[in-house]
Structure formats: structure tokens, C-alpha cells
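**Student:** Pasting input.csv here (CSV, C-alpha atoms and all ligand atoms):
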chain,number,residue,atom,x,y,z
A,1,MET,CA,-0.1,8.2,-8.5
A,2,THR,CA,-0.3,4.5,-9.5
A,3,ALA,CA,2.8,2.6,-8.8
A,4,LEU,CA,4.5,0.9,-11.8
A,5,ILE,CA,5.6,-1.9,-9.5
A,6,GLU,CA,4.5,-2.6,-6.0
A,7,ALA,CA,4.7,-5.2,-3.2
A,8,ARG,CA,2.2,-5.1,-0.4
A,9,ASP,CA,2.7,-6.8,2.9
A,10,VAL,CA,4.8,-9.6,1.4
A,11,THR,CA,6.0,-12.5,3.4
A,12,LEU,CA,8.3,-15.3,2.3
A,13,SER,CA,10.2,-18.0,4.2
A,14,PHE,CA,12.9,-20.4,3.1
A,15,GLY,CA,11.9,-23.4,5.2
A,16,GLU,CA,12.1,-22.2,8.8
A,17,THR,CA,13.9,-18.9,7.9
A,18,PRO,CA,11.7,-15.9,7.4
A,19,ALA,CA,13.2,-13.7,4.7
A,20,LEU,CA,10.3,-11.2,4.3
A,21,ARG,CA,7.9,-10.5,7.1
A,22,GLY,CA,5.4,-8.0,5.7
A,23,ALA,CA,7.5,-6.0,3.3
A,24,SER,CA,5.9,-3.2,1.2
A,25,PHE,CA,7.5,-1.3,-1.6
A,26,ARG,CA,6.5,0.8,-4.6
A,27,ALA,CA,8.2,2.5,-7.5
A,28,GLU,CA,6.7,4.9,-9.9
A,29,ALA,CA,7.4,4.8,-13.7
A,30,GLY,CA,10.9,6.3,-14.3
A,31,GLU,CA,11.9,6.3,-10.7
A,32,ILE,CA,15.3,5.0,-9.5
A,33,VAL,CA,14.9,3.4,-6.0
A,34,ALA,CA,17.8,2.1,-4.0
A,35,VAL,CA,17.1,-0.8,-1.6
A,36,MET,CA,19.5,-0.8,1.3
A,37,GLY,CA,19.9,-2.6,4.6
A,38,PRO,CA,22.1,-5.1,6.5
A,39,SER,CA,23.2,-8.4,5.1
A,40,GLY,CA,20.5,-11.0,5.3
A,41,SER,CA,17.7,-8.4,5.9
A,42,GLY,CA,15.8,-9.6,2.8
A,43,LYS,CA,16.8,-7.2,0.0
A,44,SER,CA,17.5,-9.7,-2.7
A,45,THR,CA,14.4,-11.7,-1.7
A,46,LEU,CA,12.3,-8.6,-2.1
A,47,LEU,CA,13.9,-7.9,-5.5
A,48,HIS,CA,13.2,-11.5,-6.6
A,49,CYS,CA,9.5,-11.2,-5.5
A,50,LEU,CA,9.1,-7.9,-7.3
A,51,ALA,CA,10.7,-9.4,-10.5
A,52,GLY,CA,8.5,-12.5,-10.4
A,53,ILE,CA,11.4,-14.8,-9.8
A,54,LEU,CA,10.0,-15.9,-6.4
A,55,VAL,CA,6.4,-16.1,-5.4
A,56,PRO,CA,5.6,-14.8,-1.9
A,57,ASP,CA,3.8,-16.9,0.7
A,58,SER,CA,1.4,-14.1,1.3
A,59,GLY,CA,0.8,-10.5,0.2
A,60,GLU,CA,0.5,-9.0,-3.3
A,61,VAL,CA,3.0,-8.0,-6.0
A,62,THR,CA,1.6,-5.9,-8.8
A,63,PHE,CA,3.1,-4.7,-12.1
A,64,THR,CA,1.0,-2.1,-13.9
A,65,GLY,CA,-1.8,-3.2,-11.7
A,66,ASP,CA,-1.6,-6.9,-12.6
A,67,ARG,CA,-0.9,-9.5,-9.8
A,68,ILE,CA,2.4,-11.0,-10.6
A,69,ASP,CA,2.1,-13.4,-7.6
A,70,GLN,CA,-1.0,-14.9,-9.2
A,71,MET,CA,0.4,-15.5,-12.6
A,72,SER,CA,1.5,-18.8,-14.0
A,73,GLU,CA,5.2,-19.5,-14.2
A,74,THR,CA,4.9,-19.2,-18.0
A,75,ARG,CA,3.4,-15.7,-17.8
A,76,ARG,CA,5.9,-14.6,-15.2
A,77,SER,CA,8.7,-15.9,-17.3
A,78,ALA,CA,7.4,-14.0,-20.4
A,79,LEU,CA,7.0,-10.8,-18.2
A,80,ARG,CA,10.7,-11.2,-17.1
A,81,ARG,CA,11.8,-11.7,-20.7
A,82,ASP,CA,9.8,-9.0,-22.4
A,83,ARG,CA,9.4,-6.2,-19.8
A,84,PHE,CA,12.2,-6.5,-17.2
A,85,GLY,CA,15.9,-6.3,-17.4
A,86,PHE,CA,18.4,-7.8,-14.9
A,87,VAL,CA,21.9,-7.0,-13.8
A,88,PHE,CA,23.5,-9.0,-11.0
A,89,GLN,CA,26.8,-8.7,-9.0
A,90,PHE,CA,28.7,-11.0,-11.4
A,91,GLY,CA,27.8,-10.2,-15.1
A,92,GLN,CA,26.8,-13.8,-15.8
A,93,LEU,CA,27.5,-13.4,-19.5
A,94,VAL,CA,27.2,-16.6,-21.6
A,95,PRO,CA,30.9,-17.5,-22.0
A,96,GLU,CA,30.5,-19.2,-25.4
A,97,LEU,CA,29.0,-16.1,-27.0
A,98,THR,CA,30.7,-12.9,-28.0
A,99,ALA,CA,30.0,-9.7,-26.1
A,100,GLN,CA,27.8,-8.5,-29.0
A,101,GLU,CA,25.8,-11.8,-29.1
A,102,ASN,CA,25.4,-11.5,-25.3
A,103,VAL,CA,23.9,-8.0,-25.6
A,104,ALA,CA,21.7,-9.2,-28.5
A,105,LEU,CA,20.4,-12.2,-26.6
A,106,PRO,CA,17.2,-10.8,-25.1
A,107,LEU,CA,16.2,-9.5,-28.6
A,108,LEU,CA,17.0,-12.9,-30.2
A,109,LEU,CA,14.9,-14.6,-27.5
A,110,GLY,CA,12.1,-12.1,-28.1
A,111,GLY,CA,12.0,-13.1,-31.8
A,112,VAL,CA,14.0,-10.2,-33.4
A,113,ARG,CA,15.9,-11.4,-36.5
A,114,ARG,CA,19.6,-11.8,-36.0
A,115,ALA,CA,20.9,-9.0,-38.2
A,116,ALA,CA,18.5,-6.5,-36.6
A,117,ALA,CA,19.3,-7.7,-33.1
A,118,MET,CA,23.1,-7.5,-33.7
A,119,GLU,CA,22.7,-4.0,-35.1
A,120,ARG,CA,20.7,-2.8,-32.0
A,121,ALA,CA,23.3,-4.5,-29.8
A,122,ARG,CA,26.2,-2.8,-31.6
A,123,VAL,CA,24.8,0.6,-30.7
A,124,TRP,CA,25.3,-0.2,-27.1
A,125,PHE,CA,29.0,-0.7,-27.5
A,126,GLU,CA,29.4,2.9,-28.5
A,127,ARG,CA,27.1,4.1,-25.7
A,128,LEU,CA,28.9,2.0,-23.1
A,129,GLY,CA,32.4,3.0,-24.2
A,130,LEU,CA,33.1,-0.6,-25.4
A,131,SER,CA,33.7,0.0,-29.1
A,132,GLY,CA,36.1,-2.6,-30.4
A,133,MET,CA,35.1,-5.2,-27.7
A,134,GLU,CA,32.1,-6.6,-29.7
A,135,GLY,CA,33.9,-9.8,-30.7
A,136,ARG,CA,35.4,-10.6,-27.3
A,137,ARG,CA,34.2,-13.4,-25.0
A,138,SER,CA,33.6,-12.9,-21.3
A,139,GLY,CA,37.0,-14.4,-20.5
A,140,GLU,CA,38.7,-11.6,-22.5
A,141,LEU,CA,37.0,-8.7,-20.7
A,142,SER,CA,37.8,-7.0,-17.4
A,143,GLY,CA,35.3,-7.1,-14.6
A,144,GLY,CA,34.1,-3.6,-15.4
A,145,GLN,CA,33.9,-4.2,-19.2
A,146,ALA,CA,31.9,-7.4,-18.6
A,147,GLN,CA,29.5,-5.6,-16.3
A,148,ARG,CA,29.0,-2.9,-18.9
A,149,VAL,CA,28.2,-5.7,-21.5
A,150,ALA,CA,25.8,-7.1,-18.9
A,151,LEU,CA,24.2,-3.7,-18.6
A,152,GLY,CA,23.8,-3.5,-22.4
A,153,ARG,CA,22.1,-6.9,-22.3
A,154,ALA,CA,19.8,-5.8,-19.5
A,155,LEU,CA,18.7,-2.6,-21.4
A,156,VAL,CA,18.8,-3.5,-25.1
A,157,ALA,CA,15.2,-4.5,-25.2
A,158,GLU,CA,14.1,-1.2,-23.4
A,159,PRO,CA,12.6,-2.9,-20.4
A,160,GLU,CA,10.1,-1.0,-18.2
A,161,VAL,CA,11.9,-2.1,-15.0
A,162,LEU,CA,15.6,-2.8,-14.5
A,163,PHE,CA,16.4,-4.9,-11.5
A,164,ALA,CA,20.0,-4.5,-10.4
A,165,ASP,CA,21.2,-6.6,-7.5
A,166,GLU,CA,24.6,-5.3,-6.2
A,167,PRO,CA,25.7,-4.4,-9.8
A,168,THR,CA,28.9,-2.9,-8.5
A,169,GLY,CA,29.6,-5.4,-5.8
A,170,ALA,CA,32.4,-7.1,-7.6
A,171,LEU,CA,34.1,-3.9,-8.9
A,172,ASP,CA,36.5,-1.4,-7.5
A,173,SER,CA,35.0,1.9,-6.6
A,174,LEU,CA,36.1,3.9,-9.7
A,175,THR,CA,34.9,1.1,-12.1
A,176,GLY,CA,31.7,0.8,-10.0
A,177,GLU,CA,31.0,4.5,-10.4
A,178,GLN,CA,31.5,4.3,-14.2
A,179,VAL,CA,29.0,1.4,-14.3
A,180,MET,CA,26.5,3.4,-12.1
A,181,GLU,CA,26.9,6.5,-14.3
A,182,LEU,CA,26.0,4.4,-17.4
A,183,LEU,CA,23.3,2.5,-15.6
A,184,VAL,CA,21.5,5.6,-14.3
A,185,GLY,CA,22.2,7.7,-17.5
A,186,SER,CA,20.8,4.9,-19.8
A,187,ALA,CA,17.8,4.2,-17.5
A,188,ARG,CA,16.9,7.9,-17.4
A,189,GLU,CA,17.2,8.2,-21.2
A,190,GLN,CA,14.9,5.3,-21.7
A,191,GLY,CA,12.5,6.1,-18.8
A,192,THR,CA,13.3,2.8,-17.3
A,193,THR,CA,12.4,2.3,-13.6
A,194,VAL,CA,15.3,0.9,-11.6
A,195,VAL,CA,15.2,-1.2,-8.4
A,196,LEU,CA,18.7,-1.1,-7.2
A,197,VAL,CA,19.8,-3.4,-4.3
A,198,THR,CA,23.1,-2.2,-2.8
A,199,HIS,CA,24.8,-2.0,0.6
A,200,GLU,CA,27.0,0.9,-0.6
A,201,PRO,CA,25.8,4.4,0.3
A,202,ARG,CA,27.9,5.8,-2.6
A,203,VAL,CA,25.9,3.6,-5.0
A,204,ALA,CA,22.6,4.3,-3.4
A,205,ALA,CA,23.3,8.1,-3.9
A,206,TYR,CA,22.6,7.6,-7.6
A,207,ALA,CA,19.0,6.8,-6.8
A,208,ASP,CA,16.1,9.3,-6.5
A,209,ARG,CA,15.0,7.6,-3.2
A,210,GLU,CA,16.3,5.0,-0.7
A,211,VAL,CA,14.4,2.4,1.2
A,212,ILE,CA,15.9,0.4,4.1
A,213,VAL,CA,15.1,-3.2,4.6
A,214,ARG,CA,15.5,-4.5,8.2
A,215,ASP,CA,14.4,-7.9,9.4
A,216,GLY,CA,12.3,-8.6,6.3
A,217,ARG,CA,10.4,-5.3,6.4
A,218,VAL,CA,10.9,-2.0,4.6
A,219,ALA,CA,11.8,0.2,7.5
A,220,MET,CA,11.8,3.7,6.2
A,221,THR,CA,11.9,5.9,3.1
A,222,GLU,CA,14.3,8.8,2.7
A,223,GLY,CA,15.5,11.3,0.2
A,224,VAL,CA,12.3,11.6,-1.9
A,225,ALA,CA,13.3,13.5,-5.0
A,226,SER,CA,11.5,16.5,-6.2
A,301,LIG,N1,17.6,-19.8,-1.3
A,301,LIG,C1,17.6,-19.6,0.0
A,301,LIG,N2,17.5,-20.6,0.8
A,301,LIG,C2,17.5,-20.5,2.2
A,301,LIG,N3,17.6,-19.3,2.8
A,301,LIG,C3,17.7,-18.2,2.0
A,301,LIG,C4,17.7,-18.3,0.6
A,301,LIG,N4,17.9,-17.0,0.1
A,301,LIG,C5,17.9,-16.2,1.2
A,301,LIG,N5,17.8,-16.9,2.3
A,301,LIG,C6,17.8,-16.3,3.7
A,301,LIG,O1,16.8,-15.3,3.7
A,301,LIG,C7,17.2,-14.2,4.4
A,301,LIG,C8,17.2,-12.9,3.5
A,301,LIG,O2,18.2,-13.1,2.5
A,301,LIG,P1,18.5,-12.1,1.3
A,301,LIG,O3,19.5,-12.7,0.4
A,301,LIG,O4,17.2,-11.6,0.8
A,301,LIG,O5,19.2,-10.9,2.2
A,301,LIG,P2,20.0,-9.7,1.6
A,301,LIG,O6,19.5,-8.5,2.4
A,301,LIG,O7,19.9,-9.6,0.2
A,301,LIG,O8,21.5,-10.1,2.0
A,301,LIG,P3,22.9,-9.7,1.4
A,301,LIG,O9,23.0,-8.2,1.5
A,301,LIG,O10,23.9,-10.4,2.3
A,301,LIG,O11,22.9,-10.2,0.0
A,301,LIG,C9,18.6,-14.6,5.0
A,301,LIG,O12,18.4,-15.1,6.3
A,301,LIG,C10,19.1,-15.6,4.1
A,301,LIG,O13,19.9,-16.5,4.7
Show me, as C-alpha cells, the structure contained in the file I just sent.
**Tutor:**
Amino acid sequence: MTALIEARDVTLSFGETPALRGASFRAEAGEIVAVMGPSGSGKSTLLHCLAGILVPDSGEVTFTGDRIDQMSETRRSALRRDRFGFVFQFGQLVPELTAQENVALPLLLGGVRRAAAMERARVWFERLGLSGMEGRRSGELSGGQAQRVALGRALVAEPEVLFADEPTGALDSLTGEQVMELLVGSAREQGTTVVLVTHEPRVAAYADREVIVRDGRVAMTEGVAS
């Protein structure tokens, strides 16, 4: 089967510090893959290479067979905007915008008209258990609510890949589980592939499969789902 997204033998150093030393990774369409491993092992750097945020020093990164590492910054940025979604540890909502405007943002940036974008965003508030929160700004939301808004923003444009870097890292375990249920449920509904960086086994358990990054390489693969 052809991988939807793949890294082959990727290396990347920050100055003298090697972050990736020949990392290979692949995810099929619709697959949810957890990337685990010790702190500093290169998990986030691998995610950033797969997402076209960082360009590796050597190796290849492909998305639907196209070489991301050889694209111009303009093309990579369009790819990130149009086909990828992102959730990070801290929701990183735009504080001046309402929650609904935050969710609508990728659609507005993609050229959808405001009324249509706001309506598509509104649907996510019901889906994420946030009805009534549409008009709030990030300072008026709890950590879990803000992260659910961030999840809506990441998924509203129906991306092919969702990159989630420690999406529950700033949440207590119960709130984290609610966010993971919604993340995995929504991704499965939309057929979105998920690359999920986490150091928490309970979070990784939501994935179909786990890979472990150690010293800049993907060390092993476990738990291949049927
Ligand atoms: N922007 C940067 N500048 C310099 N060094 C960096 C940078 N980003 C990462 N590194 C280094 O690269 C290595 C891999 O970092 P990375 O963040 O990918 O690890 P990680 O596995 O995601 O860690 P954690 O679980 O602690 O987030 C580490 O040695 C880190 O210090």
C-alpha cells in the first residue's frame, strides 16, 4: 500500500545538535499513529519535517508521493494551509478573535466567504460539546475548552492529515481523555490521518499503531491494528 505521508532516512541537525539521524516513518490514509519516545529524542522534529514546517538536511519526505522536502516555501505553506491541520500542546488561539472566528479561520484563509465559514465553524461547537461558547475569547475558556476549539480549527477544513503535538500535554487526565475521544472520533469520521506525538501511554493507546523515536531514529513499531 502506498503511504499517504512518509519520511525516509531523514536527518536534521540544529547547529551541532543532531535531532534526527536517519528517521523513517509512514502512515497510510486514515491511520492514527502515535509517535512516542523520550524527551529530546526527536519526536517534534520528525513531526515538523512530515508537516513541511522544517526541511531535512538529507532524506526524503513525501505526501501523496510528492516530495515535500523539495517544494518551495510557498508550496509547503499552501500544503499546510489546505491539506494539513495542526493541534499543539497549548491551543494557540488568536486571543482577539471569538472562539467561532478561531474555528472559521482556516476556511477564511482558504477563501471561503465569511457567512459560510462561520456556519461551518458553528457546527463544530455542537460536535465538540461547546454550544454557547461561540462568542467567547480564549481568555474566557478553560484549558480543555480552548483545546477543543483548537481541535475544531484544526479539523474544520477537513484536512487529510492532522498533526497533533502533545495535544493533551497541558490538560489534566480526564480533560485530556475527552479531547482525545473527540480528536480520534472526528478524525475517524472524516477519514483524516493523524500523526500524534505524545509521551503518555494512555494517549498513545488511542492510536492504531505506535512508533518509538530514540536518538533521532524510529526504533520500532508496535500494535499494528487489524
Ligand atoms: N529549534 C531548535 N534549536 C536547537 N535545538 C533544537 C531545536 N528544536 C529541537 N532541538 C533539539 O533537537 C533534539 C530533538 O528535539 P525534539 O523537540 O524533536 O525532541 P522531542 O522528542 O520532541 O522532545 P520532547 O518530548 O521533550 O518535546 C533535542 O536535542 C533538542 O534540544
**Student:** Which residue is closest to ligand LIG 301 (chain A)? Choose from A:Ser77, A:Ser138, A:Thr45, A:Thr2 and count all atoms listed in the file.
**Tutor:**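 Of all the options, A:Thr45 lies closest to ligand LIG 301 (chain A).
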**Student:** Excluding Pro159 (chain A) and residues on its chain fewer than 6 positions from it, collect all residues at most 8 Å away from it, counting all atoms listed in the file, and give them as a PyMOL selection string.
**Tutor:** chain A and resi 82-85+192
**Student:** Per residue of region 93-173 of chain A within 12 Å of region 13-29 of chain A, what are the shortest atom pair and its distance in Å to one decimal, counting only C-alpha atoms, with rows by chain and residue number, as a tab-separated table?
**Tutor:**
residue	atom	partner	partner_atom	distance
A:Pro159	CA	A:Ala29	CA	11.5
A:Glu160	CA	A:Ala29	CA	7.8
A:Val161	CA	A:Ala29	CA	8.3
A:Leu162	CA	A:Ala29	CA	11.2
A:Phe163	CA	A:Ala27	CA	11.7
**Student:** Residues of region 73-177 of chain A within 12 Å of region 184-188 of chain A: nearest atom pair and distance (Å, one decimal) for each, counting only C-alpha atoms, sorted by chain and number, as a Markdown table?
**Tutor:**
| residue | atom | partner | partner_atom | distance |
| --- | --- | --- | --- | --- |
| A:Gly85 | CA | A:Ala187 | CA | 10.7 |
| A:Trp124 | CA | A:Ser186 | CA | 10.0 |
| A:Arg127 | CA | A:Ser186 | CA | 8.7 |
| A:Leu128 | CA | A:Ser186 | CA | 9.2 |
| A:Arg148 | CA | A:Ser186 | CA | 11.4 |
| A:Leu151 | CA | A:Ser186 | CA | 9.3 |
| A:Gly152 | CA | A:Ser186 | CA | 9.3 |
| A:Ala154 | CA | A:Ala187 | CA | 10.4 |
| A:Leu155 | CA | A:Ala187 | CA | 7.9 |
| A:Val156 | CA | A:Ser186 | CA | 10.1 |
| A:Ala157 | CA | A:Ala187 | CA | 11.9 |
| A:Glu158 | CA | A:Ala187 | CA | 8.8 |
| A:Pro159 | CA | A:Ala187 | CA | 9.3 |
| A:Glu160 | CA | A:Ala187 | CA | 9.3 |
| A:Val161 | CA | A:Ala187 | CA | 9.0 |
| A:Leu162 | CA | A:Ala187 | CA | 7.9 |
| A:Phe163 | CA | A:Ala187 | CA | 11.0 |
| A:Ala164 | CA | A:Val184 | CA | 10.9 |
| A:Pro167 | CA | A:Val184 | CA | 11.7 |
| A:Glu177 | CA | A:Val184 | CA | 10.3 |
**Student:** Just C-alpha atoms for this one: save the residues we selected as a PDB file, in the frame of the given file.
**Tutor:**
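What landed in again06.pdb:
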ATOM      1  CA  GLY A  85      15.900  -6.300 -17.400  1.00  0.00           C
ATOM      2  CA  TRP A 124      25.300  -0.200 -27.100  1.00  0.00           C
ATOM      3  CA  ARG A 127      27.100   4.100 -25.700  1.00  0.00           C
ATOM      4  CA  LEU A 128      28.900   2.000 -23.100  1.00  0.00           C
ATOM      5  CA  ARG A 148      29.000  -2.900 -18.900  1.00  0.00           C
ATOM      6  CA  LEU A 151      24.200  -3.700 -18.600  1.00  0.00           C
ATOM      7  CA  GLY A 152      23.800  -3.500 -22.400  1.00  0.00           C
ATOM      8  CA  ALA A 154      19.800  -5.800 -19.500  1.00  0.00           C
ATOM      9  CA  LEU A 155      18.700  -2.600 -21.400  1.00  0.00           C
ATOM     10  CA  VAL A 156      18.800  -3.500 -25.100  1.00  0.00           C
ATOM     11  CA  ALA A 157      15.200  -4.500 -25.200  1.00  0.00           C
ATOM     12  CA  GLU A 158      14.100  -1.200 -23.400  1.00  0.00           C
ATOM     13  CA  PRO A 159      12.600  -2.900 -20.400  1.00  0.00           C
ATOM     14  CA  GLU A 160      10.100  -1.000 -18.200  1.00  0.00           C
ATOM     15  CA  VAL A 161      11.900  -2.100 -15.000  1.00  0.00           C
ATOM     16  CA  LEU A 162      15.600  -2.800 -14.500  1.00  0.00           C
ATOM     17  CA  PHE A 163      16.400  -4.900 -11.500  1.00  0.00           C
ATOM     18  CA  ALA A 164      20.000  -4.500 -10.400  1.00  0.00           C
ATOM     19  CA  PRO A 167      25.700  -4.400  -9.800  1.00  0.00           C
ATOM     20  CA  GLU A 177      31.000   4.500 -10.400  1.00  0.00           C
TER      21      GLU A 177
END
**Student:** Distance CA of Ala99 (chain A)-CA of Glu126 (chain A), one decimal place?
**Tutor:**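 Result for CA of Ala99 (chain A) versus CA of Glu126 (chain A): 12.8 Å, one decimal.
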**Student:** Which residues of chain A sit at most 12 Å from ligand LIG 301 (chain A), using all atoms listed in the file? Give each one's shortest atom pair and distance in Å (one decimal place), in chain and ascending residue order, as a tab-separated table.
**Tutor:**
residue	atom	partner	partner_atom	distance
A:Thr11	CA	A:LIG301	O1	11.2
A:Leu12	CA	A:LIG301	O1	8.6
A:Ser13	CA	A:LIG301	O1	7.1
A:Phe14	CA	A:LIG301	C2	4.7
A:Gly15	CA	A:LIG301	C2	7.0
A:Glu16	CA	A:LIG301	N3	8.6
A:Thr17	CA	A:LIG301	O12	6.1
A:Pro18	CA	A:LIG301	O1	6.3
A:Ala19	CA	A:LIG301	C7	4.0
A:Leu20	CA	A:LIG301	C8	7.2
A:Arg21	CA	A:LIG301	C8	10.3
A:Ala23	CA	A:LIG301	O4	11.5
A:Val35	CA	A:LIG301	O6	9.0
A:Met36	CA	A:LIG301	O6	7.8
A:Gly37	CA	A:LIG301	O6	6.3
A:Pro38	CA	A:LIG301	O6	5.9
A:Ser39	CA	A:LIG301	O10	3.5
A:Gly40	CA	A:LIG301	O5	3.4
A:Ser41	CA	A:LIG301	O6	3.9
A:Gly42	CA	A:LIG301	O4	3.2
A:Lys43	CA	A:LIG301	O6	3.8
A:Ser44	CA	A:LIG301	O7	3.8
A:Thr45	CA	A:LIG301	O4	3.8
A:Leu46	CA	A:LIG301	O4	6.4
A:Leu47	CA	A:LIG301	O4	8.0
A:His48	CA	A:LIG301	O4	8.4
A:Cys49	CA	A:LIG301	O4	10.0
A:Ile53	CA	A:LIG301	N1	11.6
A:Leu54	CA	A:LIG301	N1	9.9
A:Phe88	CA	A:LIG301	O11	11.1
A:Gln89	CA	A:LIG301	O11	9.9
A:Ala164	CA	A:LIG301	O7	11.8
A:Asp165	CA	A:LIG301	O7	8.4
A:Glu166	CA	A:LIG301	O11	8.1
A:Pro167	CA	A:LIG301	O11	11.7
A:Gly169	CA	A:LIG301	O11	10.1
A:Leu196	CA	A:LIG301	O7	11.3
A:Val197	CA	A:LIG301	O7	7.7
A:Thr198	CA	A:LIG301	O9	7.4
A:His199	CA	A:LIG301	O9	6.5
A:Glu200	CA	A:LIG301	O9	10.2
A:Ile212	CA	A:LIG301	O6	9.7
A:Val213	CA	A:LIG301	O6	7.2
A:Arg214	CA	A:LIG301	O6	8.1
A:Asp215	CA	A:LIG301	C8	8.2
A:Gly216	CA	A:LIG301	C8	7.1
A:Arg217	CA	A:LIG301	O6	10.4
A:Val218	CA	A:LIG301	O6	11.0
**Student:** Could you state the separation of CA of Leu97 (chain A) and CA of Gly111 (chain A) in Å, given to one decimal place?
**Tutor:**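 CA of Gly111 (chain A) lies 17.9 Å from CA of Leu97 (chain A).
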**Student:** Between CA of Val112 (chain A) and CA of Thr64 (chain A), measure the distance and give it in Å to one decimal.
**Tutor:**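 Distance between the two atoms: 24.8 Å.
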**Student:** Pick the closest to Val149 (chain A) from A:Thr175, A:Val61, A:Val211, A:Thr98: which is it, counting all atoms listed in the file?
**Tutor:**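 For Val149 (chain A), the nearest of the candidates is A:Thr98.
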**Student:** Given the point (-0.7, -17.8, -10.3) in the file's coordinates, find the residues that have an atom at most 12 Å from it, counting only C-alpha atoms, and give them as a PyMOL selection string.
**Tutor:** chain A and resi 52+54-57+60-61+66-77
**Student:** Smallest atom-to-atom distance to Gly176 (chain A): which of A:Gly110, A:Gly132, A:Gly139, A:Gly144, using all atoms listed in the file?
**Tutor:** A:Gly144
**Student:** Kindly indicate which residue among A:Arg136, A:Phe125, A:Val10, A:Ala170 lies nearest to Leu182 (chain A), using only C-alpha atoms for the distances.
**Tutor:**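 Under the stated criterion, the closest residue is A:Phe125.
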**Student:** I'd like the contact shell of Ser173 (chain A) - 10 Å cut-off, all atoms listed in the file, skipping same-chain residues fewer than 6 positions apart - returned as a list in words.
**Tutor:**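 The contact residues come out as Val179, Arg202 and Val203 of chain A.
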**Student:** For Ile5 (chain A), which residue out of A:Thr62, A:Ser131, A:Gln147, A:Thr168 is the nearest one, using only C-alpha atoms?
**Tutor:** A:Thr62
**Student:** Restricting the calculation to only C-alpha atoms: of A:Arg122, A:Ala207, A:Ala115, A:Gly59, which residue gets closest to Glu181 (chain A)?
**Tutor:**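 The answer is A:Ala207, which sits nearest to Glu181 (chain A).
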